[in-house]
Protein chains: 2
Amino acid sequence: MIESKENGCATTEKIYIKGKLHDIAVGMKKINLTDTVTINSKGEKIYKKNAPVIVYDTGGVHTDENISININEGIPRLRERWIKRRGDIVELNQLSSEYGRKRDKDSSTESIRFKKRYLPVKAVEGKEISQMYYARKGIITEEMEYVAIRENMQNEELGIKSHITPEFVREEIAAGRAIIPANINHPESEPMIIGSTFLVKINTNIGNSALSSSIEEEVEKAIWSCKWGGDTLMDLSTGKNIHETREWIIRNSPTPIGTVPIYQALEKVNGNVKDLTWEIYRDTLIEQCEQGVDYFTIHAGVTKSHIELSKERLTGVVSRGGSIMMQWCAIHNCESFLYTHFDDICDIVRQYDVALSLGDGMRPGSIYDANDKAQFSELEVLGELTQRAWDKNVQVIIEGPGHVPMNKIKENMNKQIECCKGAPFYTLGPLTTDIAPGYDHITSAIGAAMIAWYGTAMICYVTPKEHLGLPNKEDVRNGIIAYKIAAHAADIAKGHPGADVRDNALSKARFEFRWLDQFNLSLDKERALEYYKESNRGISDFCTMCGPNFCAMRLTKEIHKGDVSC
Amino acid sequence: MIESKENGCATTEKIYIKGKLHDIAVGMKKINLTDTVTINSKGEKIYKKNAPVIVYDTGGVHTDENISININEGIPRLRERWIKRRGDIVELNQLSSEYGRKRDKDSSTESIRFKKRYLPVKAVEGKEISQMYYARKGIITEEMEYVAIRENMQNEELGIKSHITPEFVREEIAAGRAIIPANINHPESEPMIIGSTFLVKINTNIGNSALSSSIEEEVEKAIWSCKWGGDTLMDLSTGKNIHETREWIIRNSPTPIGTVPIYQALEKVNGNVKDLTWEIYRDTLIEQCEQGVDYFTIHAGVTKSHIELSKERLTGVVSRGGSIMMQWCAIHNCESFLYTHFDDICDIVRQYDVALSLGDGMRPGSIYDANDKAQFSELEVLGELTQRAWDKNVQVIIEGPGHVPMNKIKENMNKQIECCKGAPFYTLGPLTTDIAPGYDHITSAIGAAMIAWYGTAMICYVTPKEHLGLPNKEDVRNGIIAYKIAAHAADIAKGHPGADVRDNALSKARFEFRWLDQFNLSLDKERALEYYKESNRGISDFCTMCGPNFCAMRLTKEIHKGDVSC
């Protein structure tokens, strides 16, 4: 807490907004501002209140000072009550996945295992439990009301008209235009919605590779990620102990967790693509469904026919999952089991309400390959799979590129809407040039902001280390802030109700030299404060950028106050 | 120089491309690539050459290892011969500006003065000498051929058809759609062109404020700026010794230098806006023309009527020059002397071929104020002034915003083209959101890339310290790279001939794990290498980002080579 000297306190606090339909409380961040101080003709100070600004907060309990967290215990299970009350799930006696049971019995993993155990739940035989199913039945769930409140921030108080009501949320989910990733085995997650008529979301990736990083580091990065503003988190670990790492992450994560199950399946066959089978993959899906993964990236759109198409490319296939499946197709000379078993996949995930993120295995890895036949022919397959998932009430999002020059970005969005009938688009960047390794958070923030403005619902962050190595915590922070900028710039450009309240409050604070308010309203107040302190010796009516005589804002105020006269 | 082990050398070198019309040599950077190595069915290595990539180089002699620079002497005077040969200039016996002569006689400034002195030149009475004048007369100058070669890089060799010929350059300048800022008193500068049909350029700002920094630092920053890729440099100093600092910068700068003369004029009256006069300003213009400043930002579009319009704003006037002139108008209750004396200004600068950058004193300082009446009404005045400058063969560019949400950027470009009849647009960002102080190089790179794609000819960089303090060298580097990215992304999106050659070469190198080539082709090879080394232990066929088993590029290559079989 930073205290201002005279005119109120510049503070931030966690608040909870109650639901009207359900007994829910939505965590938000409230930024209390100091007063505007002017001096009247008698030389007296006049104080004028500035309304606090309420902002979306992805940090969950991790950003609530009043709640102490023990990562060995996990965070509170917010949604457990809601899920149980519906009476359509059953608690299992044991894990359904063979691999899960094996790991549990393996004494060598005991030391790294998350201690507290919960038995998994799944849908009662014959029952449907997905948010899409409820929405189609006309039911507004707790999750739906939660996101409606969350998306509106202080719109009601400010009299800003918003299209986002609980009923609107329900309609969008029913139509497939939005999803709430919410595995019933991850009740710790705070509901959030992904759809083009809502705030643009950002995904962050963490995960160790065979070469580095530990469980502690990954859990730390997961918490770090949601504190800085990650809306969802993908655990892309590919090394040892994926199963145990994931459990730790899920039990401590207030944001939905995504994975790419083929990575773990491949580890199970020691990296030999040839040995991958549907059975191993199927068991992996069930294992992860019961741990609480909220969405799976499935590269079911990469089919045998893509091998030929990829040969014309400059950079071939750059999706890990895509290249694995293409290699599998080549080795066995048969169609991808992800494609042939797609209905089976849907039948598994629908029992846990795990959403599908249809992976773009053919995403372009260079400007040269953008919008090519390989990419767009896969998108057509994804459109077909979207319908098949929807037929089973499975929530779906569609992954997109990649590397795309600015002039070809719009076509991606149009084509995706056309092929996938409005299912939410979820893109990696896109990077708008290939020539800036070390700065790909920037090359891609440009493309991400644009595609989000055009209608992409979620953008997957890229860190400065992209193409070069695994990101560290500082890289994660830089990647997240670049993407919060892109998402917010898109929210403003789209005219999302109330999106510019924070901008206006910050600009007003800037104009009035309320520095503490300016820092608190920043996406990264620590960095802003650090830079300010580096150049300035205390708070004043100007900064070193222009110095006192050349501060345009100070001059303007003098003119408007009438301090200048003929 | 980084050497590769077996297949040729990964090197970069400075090369000079000769002119065909004139005796000129254009400095470029040549990146030599290593060979592509494949293994044939007999297990033998097959080497295949990769063509070198020639890239635009703003560093001048500072990036030529074979030339040793002594900053006390200044850099070679490349254009002196060309200028003298035209026979339309005269060398003066002394400085024309009173202030310039005073400083020269002031013994207290001797220790900080640039030692080597050149007498100023100006047009022979009654002669016209601007690039615009020559262009309109049908003359292709050395400068015009120079930029035509520079813009094309290796297009001819590669058989890439380009619209940019010396004659095309001449036509664009004659029409006012492009300028070559080239003061005859800054013969050290390498010709560069600013116009929407050419490569997008970036401007960097340096300058001390009353509170910090020294001459040495500013000269160091100027060289640093052109080494990293700044196309032009504005010296925005507002502290003491502006005159001497500027001399040092100009004598060592291969890029055109811009200034805002009102800053120095204000220093001359000790910061009292009231005391500013046309006479003081006029003497300042002449002083700077004779030092070699290549373009002046003149806030002549801010008129008395803008005082009222600015009152409705959230953040008033954020342009320093704009706020000074508005305050002057308010104090004296009369029209701005920059506006009333605009023809006189043109008559001064035309004698030295100094270009005018018509300042946007009313640029919005917040998302809220974007595209408002104050801003657009000033733009209309700038359109009128453009025509008046053109009538006197004065080269003109138009400055633009500022803070603008993505959905309002296009309107800025359209309105500028309409008002200013195609004169080049030169924008600061724009920043697409206000909420990220500390990251405004990113908030603005998004807007800059977009507006450059729409047709803006030059984008003025923003550093991470914007709104917080004066940038240090590392901030300058980060700002420049963010803007090189934005400019290059726009060049690609606009389909500039050959712009994607570097992207394709880098992506090919990436796909083939030619790491050294990848680094050399990067905008910032030091940073890329640093990040790579941080995570990896030597060069290999993968990186820690995915690890060996999950490297999609490695997998793809195996599939295409046929290493996988049924």
# chains A, B, ... in the order shown; residues from 1 in each chain; ligands from 1

$ residues_around --residues "Asp23 (chain A)" --least-positions-apart "5" --cutoff "12 Å" --atoms "only C-alpha atoms" --output "ChimeraX atom specification"
/A:16-18,78-79,81-82,141-143,145-146

$ residues_around --residues "Lys465 (chain A)" --least-positions-apart "6" --cutoff "7 Å" --atoms "only C-alpha atoms" --output "ChimeraX atom specification"
/A:438,471,475 /B:531

$ write_last_selection --atoms "all heavy atoms" --output "PDB file, in the first residue's frame"
ATOM      1  N   GLY A 438      14.190 -12.598 -29.910  1.00  0.00           N
ATOM      2  CA  GLY A 438      14.553 -11.818 -28.717  1.00  0.00           C
ATOM      3  C   GLY A 438      13.499 -10.759 -28.418  1.00  0.00           C
ATOM      4  O   GLY A 438      13.438 -10.230 -27.315  1.00  0.00           O
ATOM      5  N   PRO A 471      11.341 -19.713 -21.362  1.00  0.00           N
ATOM      6  CA  PRO A 471      11.234 -18.441 -20.638  1.00  0.00           C
ATOM      7  C   PRO A 471      11.473 -18.595 -19.135  1.00  0.00           C
ATOM      8  O   PRO A 471      11.072 -19.592 -18.542  1.00  0.00           O
ATOM      9  CB  PRO A 471       9.786 -18.019 -20.897  1.00  0.00           C
ATOM     10  CG  PRO A 471       9.055 -19.277 -21.229  1.00  0.00           C
ATOM     11  CD  PRO A 471      10.062 -20.179 -21.893  1.00  0.00           C
ATOM     12  N   ASP A 475      10.726 -13.292 -18.206  1.00  0.00           N
ATOM     13  CA  ASP A 475      10.207 -13.411 -19.571  1.00  0.00           C
ATOM     14  C   ASP A 475       8.690 -13.602 -19.545  1.00  0.00           C
ATOM     15  O   ASP A 475       7.968 -13.053 -20.381  1.00  0.00           O
ATOM     16  CB  ASP A 475      10.829 -14.618 -20.284  1.00  0.00           C
ATOM     17  CG  ASP A 475      12.336 -14.482 -20.448  1.00  0.00           C
ATOM     18  OD1 ASP A 475      12.786 -13.370 -20.760  1.00  0.00           O
ATOM     19  OD2 ASP A 475      13.044 -15.482 -20.265  1.00  0.00           O
TER      20      ASP A 475
ATOM     21  N   TYR B 531      20.116 -14.441 -25.290  1.00  0.00           N
ATOM     22  CA  TYR B 531      19.003 -15.282 -24.828  1.00  0.00           C
ATOM     23  C   TYR B 531      19.251 -16.753 -25.148  1.00  0.00           C
ATOM     24  O   TYR B 531      18.925 -17.639 -24.367  1.00  0.00           O
ATOM     25  CB  TYR B 531      17.689 -14.838 -25.484  1.00  0.00           C
ATOM     26  CG  TYR B 531      17.094 -13.573 -24.911  1.00  0.00           C
ATOM     27  CD1 TYR B 531      15.952 -13.006 -25.471  1.00  0.00           C
ATOM     28  CD2 TYR B 531      17.653 -12.941 -23.802  1.00  0.00           C
ATOM     29  CE1 TYR B 531      15.388 -11.838 -24.956  1.00  0.00           C
ATOM     30  CE2 TYR B 531      17.109 -11.774 -23.291  1.00  0.00           C
ATOM     31  CZ  TYR B 531      15.983 -11.230 -23.866  1.00  0.00           C
ATOM     32  OH  TYR B 531      15.423 -10.082 -23.359  1.00  0.00           O
TER      33      TYR B 531
END

$ residues_around --residues "Ser357 (chain B)" --least-positions-apart "6" --cutoff "7 Å" --atoms "only C-alpha atoms" --output "MDAnalysis selection string"
chainID B and resid 295:298 396:399

$ closest_residue --among "A:Ala178, A:Ile345, A:Ala374, A:Ala330" --to "chain B" --atoms "only C-alpha atoms"
A:Ala330

$ residues_around --residues "region 262-271 of chain B" --least-positions-apart "2" --cutoff "7 Å" --atoms "only C-alpha atoms" --output "MDAnalysis selection string"
(chainID A and resid 549) or (chainID B and resid 238 260 273 275:276 280:281 284 321)

$ write_last_selection --atoms "C-alpha atoms" --output "mmCIF file, in the first residue's frame"
data_model
loop_
_atom_site.group_PDB
_atom_site.id
_atom_site.type_symbol
_atom_site.label_atom_id
_atom_site.label_comp_id
_atom_site.auth_asym_id
_atom_site.auth_seq_id
_atom_site.Cartn_x
_atom_site.Cartn_y
_atom_site.Cartn_z
ATOM 1 C CA ASN A 549 9.709 24.530 -18.026
ATOM 2 C CA THR B 238 16.096 21.790 -23.496
ATOM 3 C CA VAL B 260 12.164 21.926 -32.394
ATOM 4 C CA VAL B 273 6.917 32.262 -22.655
ATOM 5 C CA ASP B 275 9.093 37.123 -23.696
ATOM 6 C CA LEU B 276 9.234 34.996 -26.853
ATOM 7 C CA ILE B 280 14.377 35.671 -31.301
ATOM 8 C CA TYR B 281 12.771 32.728 -33.043
ATOM 9 C CA THR B 284 17.265 30.698 -33.779
ATOM 10 C CA GLY B 321 5.824 23.173 -28.599
#

$ residues_around --residues "Met192 (chain A)" --least-positions-apart "4" --cutoff "10 Å" --atoms "only C-alpha atoms" --output "list in words"
Thr58, Glu143, Met144, Tyr146, Val147, Ala148, Arg150, Glu151, Ile179, Ile180, Pro181, Ala182, Phe198, Leu199, Lys201, Asp231, Thr232, Thr255 and Pro256 of chain A

$ closest_residue --among "B:Gln395, B:Val55, B:Arg85, B:Pro166" --to "chain A" --atoms "only C-alpha atoms"
B:Val55

$ residues_around --residues "Ala448 (chain B)" --least-positions-apart "5" --cutoff "10 Å" --atoms "only C-alpha atoms" --output "PyMOL selection string"
(chain A and resi 446) or (chain B and resi 202+401-402+409+426-432+441-443+453-454+456+458-462+482-483+485-487+489-490)

$ write_last_selection --atoms "N, CA and C atoms" --output "PDB file, in the first residue's frame"
ATOM      1  N   ILE A 446       1.739  -7.058 -31.861  1.00  0.00           N
ATOM      2  CA  ILE A 446       1.145  -6.269 -32.950  1.00  0.00           C
ATOM      3  C   ILE A 446       0.052  -7.098 -33.641  1.00  0.00           C
TER       4      ILE A 446
ATOM      5  N   ILE B 202      12.146   5.246 -39.262  1.00  0.00           N
ATOM      6  CA  ILE B 202      11.886   5.539 -37.849  1.00  0.00           C
ATOM      7  C   ILE B 202      12.754   6.698 -37.376  1.00  0.00           C
ATOM      8  N   PRO B 401      -0.464  11.955 -34.400  1.00  0.00           N
ATOM      9  CA  PRO B 401      -0.565  11.501 -33.006  1.00  0.00           C
ATOM     10  C   PRO B 401       0.212  10.224 -32.740  1.00  0.00           C
ATOM     11  N   GLY B 402       0.306   9.932 -31.478  1.00  0.00           N
ATOM     12  CA  GLY B 402      -0.151  10.423 -30.203  1.00  0.00           C
ATOM     13  C   GLY B 402      -0.786   9.213 -29.501  1.00  0.00           C
ATOM     14  N   ILE B 409      -7.459   4.675 -35.888  1.00  0.00           N
ATOM     15  CA  ILE B 409      -6.171   4.977 -36.540  1.00  0.00           C
ATOM     16  C   ILE B 409      -6.348   5.289 -38.022  1.00  0.00           C
ATOM     17  N   TYR B 426       4.082  11.613 -40.429  1.00  0.00           N
ATOM     18  CA  TYR B 426       5.156  11.250 -39.490  1.00  0.00           C
ATOM     19  C   TYR B 426       4.518  11.236 -38.101  1.00  0.00           C
ATOM     20  N   THR B 427       4.273  10.044 -37.575  1.00  0.00           N
ATOM     21  CA  THR B 427       3.487   9.954 -36.342  1.00  0.00           C
ATOM     22  C   THR B 427       4.298   9.471 -35.140  1.00  0.00           C
ATOM     23  N   LEU B 428       3.841   9.863 -33.976  1.00  0.00           N
ATOM     24  CA  LEU B 428       4.430   9.424 -32.706  1.00  0.00           C
ATOM     25  C   LEU B 428       3.581   8.243 -32.235  1.00  0.00           C
ATOM     26  N   GLY B 429       4.042   7.041 -32.464  1.00  0.00           N
ATOM     27  CA  GLY B 429       3.228   5.867 -32.202  1.00  0.00           C
ATOM     28  C   GLY B 429       2.200   5.696 -33.283  1.00  0.00           C
ATOM     29  N   PRO B 430       0.901   5.732 -33.062  1.00  0.00           N
ATOM     30  CA  PRO B 430       0.218   6.100 -31.821  1.00  0.00           C
ATOM     31  C   PRO B 430       0.126   4.962 -30.776  1.00  0.00           C
ATOM     32  N   LEU B 431       0.004   5.405 -29.525  1.00  0.00           N
ATOM     33  CA  LEU B 431      -0.223   4.487 -28.412  1.00  0.00           C
ATOM     34  C   LEU B 431      -1.677   4.029 -28.462  1.00  0.00           C
ATOM     35  N   THR B 432      -1.890   2.730 -28.320  1.00  0.00           N
ATOM     36  CA  THR B 432      -3.240   2.189 -28.483  1.00  0.00           C
ATOM     37  C   THR B 432      -3.975   1.977 -27.161  1.00  0.00           C
ATOM     38  N   HIS B 441       6.654   1.540 -25.392  1.00  0.00           N
ATOM     39  CA  HIS B 441       7.251   1.160 -26.678  1.00  0.00           C
ATOM     40  C   HIS B 441       6.368   0.092 -27.322  1.00  0.00           C
ATOM     41  N   ILE B 442       5.707  -0.715 -26.512  1.00  0.00           N
ATOM     42  CA  ILE B 442       4.829  -1.770 -27.050  1.00  0.00           C
ATOM     43  C   ILE B 442       3.440  -1.237 -27.377  1.00  0.00           C
ATOM     44  N   THR B 443       2.829  -0.471 -26.439  1.00  0.00           N
ATOM     45  CA  THR B 443       1.485   0.058 -26.736  1.00  0.00           C
ATOM     46  C   THR B 443       1.516   0.868 -28.027  1.00  0.00           C
ATOM     47  N   TRP B 453       1.452   0.785 -42.044  1.00  0.00           N
ATOM     48  CA  TRP B 453       0.847  -0.048 -43.085  1.00  0.00           C
ATOM     49  C   TRP B 453      -0.176   0.778 -43.892  1.00  0.00           C
ATOM     50  N   TYR B 454      -0.931   1.600 -43.186  1.00  0.00           N
ATOM     51  CA  TYR B 454      -1.947   2.428 -43.855  1.00  0.00           C
ATOM     52  C   TYR B 454      -1.316   3.539 -44.705  1.00  0.00           C
ATOM     53  N   THR B 456       1.643   5.773 -43.362  1.00  0.00           N
ATOM     54  CA  THR B 456       2.533   6.723 -42.700  1.00  0.00           C
ATOM     55  C   THR B 456       3.979   6.436 -43.108  1.00  0.00           C
ATOM     56  N   MET B 458       6.945   7.814 -41.809  1.00  0.00           N
ATOM     57  CA  MET B 458       7.967   7.717 -40.754  1.00  0.00           C
ATOM     58  C   MET B 458       7.259   7.651 -39.407  1.00  0.00           C
ATOM     59  N   ILE B 459       7.779   6.785 -38.530  1.00  0.00           N
ATOM     60  CA  ILE B 459       7.194   6.665 -37.201  1.00  0.00           C
ATOM     61  C   ILE B 459       8.236   7.075 -36.178  1.00  0.00           C
ATOM     62  N   CYS B 460       7.797   7.871 -35.248  1.00  0.00           N
ATOM     63  CA  CYS B 460       8.711   8.362 -34.214  1.00  0.00           C
ATOM     64  C   CYS B 460       8.673   7.405 -33.041  1.00  0.00           C
ATOM     65  N   TYR B 461       9.828   6.923 -32.659  1.00  0.00           N
ATOM     66  CA  TYR B 461       9.865   5.907 -31.612  1.00  0.00           C
ATOM     67  C   TYR B 461       9.399   6.440 -30.269  1.00  0.00           C
ATOM     68  N   VAL B 462       9.020   5.501 -29.416  1.00  0.00           N
ATOM     69  CA  VAL B 462       8.636   5.773 -28.038  1.00  0.00           C
ATOM     70  C   VAL B 462       9.450   4.773 -27.227  1.00  0.00           C
ATOM     71  N   ALA B 482      11.797  -1.933 -31.150  1.00  0.00           N
ATOM     72  CA  ALA B 482      10.327  -2.021 -31.244  1.00  0.00           C
ATOM     73  C   ALA B 482       9.847  -1.325 -32.517  1.00  0.00           C
ATOM     74  N   TYR B 483      10.487  -0.192 -32.837  1.00  0.00           N
ATOM     75  CA  TYR B 483      10.050   0.563 -34.014  1.00  0.00           C
ATOM     76  C   TYR B 483      10.599   0.007 -35.324  1.00  0.00           C
ATOM     77  N   ILE B 485      10.793  -3.093 -35.777  1.00  0.00           N
ATOM     78  CA  ILE B 485       9.809  -4.166 -35.964  1.00  0.00           C
ATOM     79  C   ILE B 485       8.548  -3.602 -36.613  1.00  0.00           C
ATOM     80  N   ALA B 486       8.031  -2.520 -36.035  1.00  0.00           N
ATOM     81  CA  ALA B 486       6.793  -1.932 -36.565  1.00  0.00           C
ATOM     82  C   ALA B 486       6.970  -1.512 -38.019  1.00  0.00           C
ATOM     83  N   ALA B 487       8.103  -0.846 -38.308  1.00  0.00           N
ATOM     84  CA  ALA B 487       8.358  -0.361 -39.660  1.00  0.00           C
ATOM     85  C   ALA B 487       8.490  -1.532 -40.636  1.00  0.00           C
ATOM     86  N   ALA B 489       7.375  -4.648 -40.258  1.00  0.00           N
ATOM     87  CA  ALA B 489       6.086  -5.347 -40.394  1.00  0.00           C
ATOM     88  C   ALA B 489       5.211  -4.606 -41.406  1.00  0.00           C
ATOM     89  N   ALA B 490       5.291  -3.280 -41.381  1.00  0.00           N
ATOM     90  CA  ALA B 490       4.510  -2.482 -42.328  1.00  0.00           C
ATOM     91  C   ALA B 490       5.063  -2.622 -43.741  1.00  0.00           C
TER      92      ALA B 490
END

$ residues_around --residues "Ala222 (chain A)" --least-positions-apart "5" --cutoff "8 Å" --atoms "only C-alpha atoms" --output "JSON, numbers by chain"
{"A": [206, 233, 249, 253]}

$ select_by_dssp --residues "region 39-224 of chain B" --states "strand (DSSP E or B)" --output "list of chain:residue names"
B:Ile39, B:Lys45, B:Ile46, B:Tyr47, B:Lys48, B:Val53, B:Ile54, B:Val55, B:Tyr56, B:Ile89, B:Val90, B:Glu91, B:Val121, B:Lys122, B:Ala123, B:Ala178, B:Ile179, B:Ile194, B:Gly195, B:Lys201, B:Ile202, B:Asn203, B:Thr204, B:Asn205, B:Ile206

$ atom_distance --atom1 "CA of Pro364 (chain A)" --atom2 "CA of Lys494 (chain B)"
19.6 Å

$ closest_residue --among "A:Phe511, A:Phe337, A:Trp390, A:Trp328" --to "chain B" --atoms "only C-alpha atoms"
A:Phe511

$ closest_residue --among "A:Ile331, A:Lys473, A:His403, A:Ala174" --to "Val219 (chain A)" --atoms "only C-alpha atoms"
A:Lys473

$ select_by_dssp --residues "region 9-213 of chain B" --states "helix (DSSP H, G or I)" --output "NGL selection string"
:B and (60-63 or 80-85 or 98-105 or 107-112 or 131-136 or 142-152 or 155-158 or 166-174)

$ atom_distance --atom1 "CA of Lys410 (chain B)" --atom2 "CA of Thr463 (chain B)"
23.4 Å

$ closest_residue --among "B:Glu216, B:Glu247, B:Glu110, B:Glu171" --to "Tyr133 (chain B)" --atoms "only C-alpha atoms"
B:Glu171

$ closest_residue --among "A:Arg554, A:His186, A:Arg320, A:Lys102" --to "chain B" --atoms "only C-alpha atoms"
A:Arg320

$ atom_distance --atom1 "CA of Asn472 (chain A)" --atom2 "CA of Ile223 (chain A)"
13.5 Å
